Amino acid sequence: MDIQNAMLKRKSIRTYNKKPISQELKQKIVDYISTIEVPLNAQIRFKIIDLNTLESNIRLGTYGVIQGATTFLCAVAKKEYRMEESLGYVFEKIILYITSLGLGTCWLGGSFNKADFRKAIILEEDEFIPVISPIGYAKEKRGILDKVMAAAAGSKNRKEWVELFFEKDFSGPLEKEKAGMFEECLDMVRIAPSASNKQPWRIIKDGNNYHFFVCRTPGYGKIMSFDIQKLDVGIAMCHFEIALYELGGFGNWSDMNPNVACGKNIEYVISYTANA
């Protein structure tokens, strides 16, 4: 499976046709999920639910954002330390696998009726559903709301390399020629999805250590029940590590807390030590 190709191919699909997903494809997704290790010891599980198999009184509302989808991937988590980073990492990994199967997806962190989905999934007392994604086949003709939301998100308008990646500290950008094989890994981070395309991740290269930070948009995400911008950093972590693995490299995540002067809205999250 060429996950890096899936990174390049993946886009948010909000309008679906009614072609059902085969049981074989659903089982492939379930089997793949069972192989993934959740990083940072967070307690997260995943459930695929299909509207066609639920009781008739249960609806899966997405406030009109998603049209035509009847199958959804749901994350079930506990509110704990490192949950958001872990969730972003694992959910994106599953999304990329689903993309490689020729199916469409779309991250939803707020635009779904949580009460509806709670009826479809048995939750423990301390669990909640932070994110979901529809799974299905993209409809050739997109809905009007789909077009409006895609334009508003501006996903094609990515921040420049010099705004995202730095060397030693935040005083100067990392030059591409100094990144070596990691240039490709960082390029894959640059195209990663994020809520409202905020791209809140910032990365400092210091030798073989890559320090990940969150650059917060003031006031953004306050209505959420979890830290959505740290979740976005988890997505960036996923893209970085997968790209490195496909290039033959490896390493590990750790909390190094580097002594780096940060701006007002920048916070350290985690570090990756590469052994490539």
# chains A, B, ... in the order shown; residues from 1 in each chain; ligands from 1
>>> residues_around(residues="Gly234 of chain A", least_positions_apart="2", cutoff="7 Å", atoms="only C-alpha atoms", output="compact mmCIF listing (two decimals) with N, CA and C atoms, in the first residue's frame")
# COMPACT_ATOMS: atom_id res chain seq x y z
N GLU A 84 -5.65 13.99 22.09
CA GLU A 84 -5.82 14.66 20.81
C GLU A 84 -4.72 14.31 19.81
N GLU A 85 -3.46 14.34 20.25
CA GLU A 85 -2.36 14.02 19.35
C GLU A 85 -2.47 12.57 18.86
N SER A 86 -2.80 11.67 19.79
CA SER A 86 -2.94 10.25 19.43
C SER A 86 -4.08 10.05 18.45
N LEU A 87 -5.20 10.71 18.71
CA LEU A 87 -6.37 10.57 17.84
C LEU A 87 -6.08 11.10 16.45
N GLY A 88 -5.47 12.28 16.36
CA GLY A 88 -5.14 12.83 15.05
C GLY A 88 -4.25 11.90 14.26
N TYR A 89 -3.25 11.33 14.94
CA TYR A 89 -2.30 10.41 14.30
C TYR A 89 -3.02 9.17 13.76
N LYS A 230 -4.41 20.62 18.66
CA LYS A 230 -3.46 19.56 18.98
C LYS A 230 -3.78 18.30 18.18
N LEU A 231 -5.06 18.09 17.91
CA LEU A 231 -5.44 16.98 17.03
C LEU A 231 -4.80 17.17 15.66
N ASP A 232 -4.80 18.40 15.17
CA ASP A 232 -4.16 18.69 13.88
C ASP A 232 -2.67 18.38 13.91
N ALA A 236 -0.28 15.86 11.53
CA ALA A 236 1.06 16.18 10.99
C ALA A 236 2.07 15.11 11.41
N MET A 237 1.97 14.64 12.65
CA MET A 237 2.86 13.57 13.14
C MET A 237 2.71 12.32 12.27
N CYS A 238 1.48 12.00 11.94
CA CYS A 238 1.20 10.83 11.10
C CYS A 238 1.86 10.96 9.74
>>> residues_around(residues="segment 30-41 of chain A", least_positions_apart="6", cutoff="10 Å", atoms="only C-alpha atoms", output="PyMOL selection string")
chain A and resi 24+47-48+80-83+85-87+89-91+93-94+97-98+234+253-254
>>> write_last_selection(atoms="C-alpha atoms", output="compact mmCIF listing (two decimals), in the first residue's frame")
# COMPACT_ATOMS: atom_id res chain seq x y z
CA GLU A 24 -15.29 -7.13 1.89
CA LYS A 47 -16.48 1.84 15.15
CA ILE A 48 -17.92 1.62 11.64
CA GLU A 80 -7.05 12.23 28.90
CA TYR A 81 -3.50 13.50 28.43
CA ARG A 82 -2.26 13.18 24.83
CA MET A 83 -5.65 12.03 23.55
CA GLU A 85 -2.36 14.02 19.35
CA SER A 86 -2.94 10.25 19.43
CA LEU A 87 -6.37 10.57 17.84
CA TYR A 89 -2.30 10.41 14.30
CA VAL A 90 -4.40 7.23 14.23
CA PHE A 91 -7.56 8.58 12.61
CA LYS A 93 -3.71 6.78 9.30
CA ILE A 94 -7.07 5.04 8.89
CA TYR A 97 -5.84 3.58 4.19
CA ILE A 98 -9.50 4.12 3.26
CA GLY A 234 -1.34 14.58 15.51
CA TRP A 253 8.38 9.97 19.70
CA SER A 254 9.25 11.45 23.08
>>> residues_around(residues="segment 122-133 of chain A", least_positions_apart="5", cutoff="6 Å", atoms="only C-alpha atoms", output="PyMOL selection string")
chain A and resi 72-78+105-109
>>> residues_around(residues="segment 60-70 of chain A", least_positions_apart="5", cutoff="10 Å", atoms="only C-alpha atoms", output="PyMOL selection string")
chain A and resi 13-21+49-54+104-106+108+110-120+133-139+142-143+145-146+149
>>> closest_residue(among="A:Ile121, A:Leu247, A:Ile58, A:Ile266", to="Arg45 of chain A", atoms="only C-alpha atoms")
A:Ile121
>>> select_by_dssp(residues="segment 37-109 of chain A", states="strand (DSSP E or B)", output="number ranges by chain")
A: 44-50, 67, 71-78, 104-105, 108
>>> write_last_selection(atoms="C-alpha atoms", output="mmCIF file, in the first residue's frame")
data_model
loop_
_atom_site.group_PDB
_atom_site.id
_atom_site.type_symbol
_atom_site.label_atom_id
_atom_site.label_comp_id
_atom_site.auth_asym_id
_atom_site.auth_seq_id
_atom_site.Cartn_x
_atom_site.Cartn_y
_atom_site.Cartn_z
ATOM 1 C CA ILE A 44 -9.150 5.210 21.640
ATOM 2 C CA ARG A 45 -11.335 2.774 19.749
ATOM 3 C CA PHE A 46 -13.088 2.910 16.396
ATOM 4 C CA LYS A 47 -16.482 1.840 15.149
ATOM 5 C CA ILE A 48 -17.919 1.623 11.638
ATOM 6 C CA ILE A 49 -21.652 2.201 11.611
ATOM 7 C CA ASP A 50 -24.074 1.916 8.703
ATOM 8 C CA GLN A 67 -24.891 14.424 1.631
ATOM 9 C CA THR A 71 -21.551 4.621 6.348
ATOM 10 C CA PHE A 72 -19.408 6.373 8.959
ATOM 11 C CA LEU A 73 -16.135 5.770 10.762
ATOM 12 C CA CYS A 74 -16.399 6.962 14.369
ATOM 13 C CA ALA A 75 -13.677 7.500 16.927
ATOM 14 C CA VAL A 76 -14.514 6.826 20.565
ATOM 15 C CA ALA A 77 -12.094 8.273 23.112
ATOM 16 C CA LYS A 78 -11.576 9.189 26.733
ATOM 17 C CA GLY A 104 -13.935 9.079 -0.039
ATOM 18 C CA THR A 105 -13.744 10.515 3.480
ATOM 19 C CA LEU A 108 -15.759 16.048 10.962
#
>>> residues_around(residues="Cys262 of chain A", least_positions_apart="5", cutoff="10 Å", atoms="only C-alpha atoms", output="mmCIF file with N, CA and C atoms, in the first residue's frame")
data_model
loop_
_atom_site.group_PDB
_atom_site.id
_atom_site.type_symbol
_atom_site.label_atom_id
_atom_site.label_comp_id
_atom_site.auth_asym_id
_atom_site.auth_seq_id
_atom_site.Cartn_x
_atom_site.Cartn_y
_atom_site.Cartn_z
ATOM 1 N N ASP A 169 15.837 26.995 16.134
ATOM 2 C CA ASP A 169 14.848 27.787 16.864
ATOM 3 C C ASP A 169 13.957 28.480 15.847
ATOM 4 N N PHE A 170 13.161 29.423 16.305
ATOM 5 C CA PHE A 170 12.217 30.082 15.395
ATOM 6 C C PHE A 170 12.789 31.331 14.725
ATOM 7 N N SER A 171 14.090 31.529 14.851
ATOM 8 C CA SER A 171 14.676 32.746 14.287
ATOM 9 C C SER A 171 14.864 32.683 12.777
ATOM 10 N N PHE A 213 5.466 21.756 17.366
ATOM 11 C CA PHE A 213 4.796 22.778 18.155
ATOM 12 C C PHE A 213 3.407 23.036 17.579
ATOM 13 N N CYS A 215 0.904 26.177 16.809
ATOM 14 C CA CYS A 215 0.797 27.632 16.707
ATOM 15 C C CYS A 215 -0.698 27.958 16.690
ATOM 16 N N GLU A 267 3.151 26.665 21.372
ATOM 17 C CA GLU A 267 3.400 25.752 22.487
ATOM 18 C C GLU A 267 4.088 24.487 21.979
ATOM 19 N N TYR A 268 5.029 23.998 22.754
ATOM 20 C CA TYR A 268 5.687 22.730 22.430
ATOM 21 C C TYR A 268 4.704 21.573 22.625
#
>>> residues_around(residues="Ser271 of chain A", least_positions_apart="5", cutoff="7 Å", atoms="only C-alpha atoms", output="ChimeraX atom specification")
/A:209-212,253-256
>>> atom_distance(atom1="atom CA of Glu140 of chain A", atom2="atom CA of His239 of chain A")
27.9 Å
>>> atom_distance(atom1="atom CA of Met181 of chain A", atom2="atom CA of Gly249 of chain A")
9.1 Å
>>> closest_residue(among="A:Lys178, A:Lys159, A:Lys141, A:Lys168", to="Val260 of chain A", atoms="only C-alpha atoms")
A:Lys168
>>> residues_around(residues="Gln4 of chain A", least_positions_apart="6", cutoff="8 Å", atoms="only C-alpha atoms", output="list of chain:residue names")
A:Met188, A:Ile242, A:Ala243, A:Glu246
>>> closest_residue(among="A:Cys185, A:Val214, A:Val269, A:Leu174", to="Gln229 of chain A", atoms="only C-alpha atoms")
A:Val214
>>> atom_distance(atom1="atom CA of Arg10 of chain A", atom2="atom CA of Gln43 of chain A")
26.4 Å
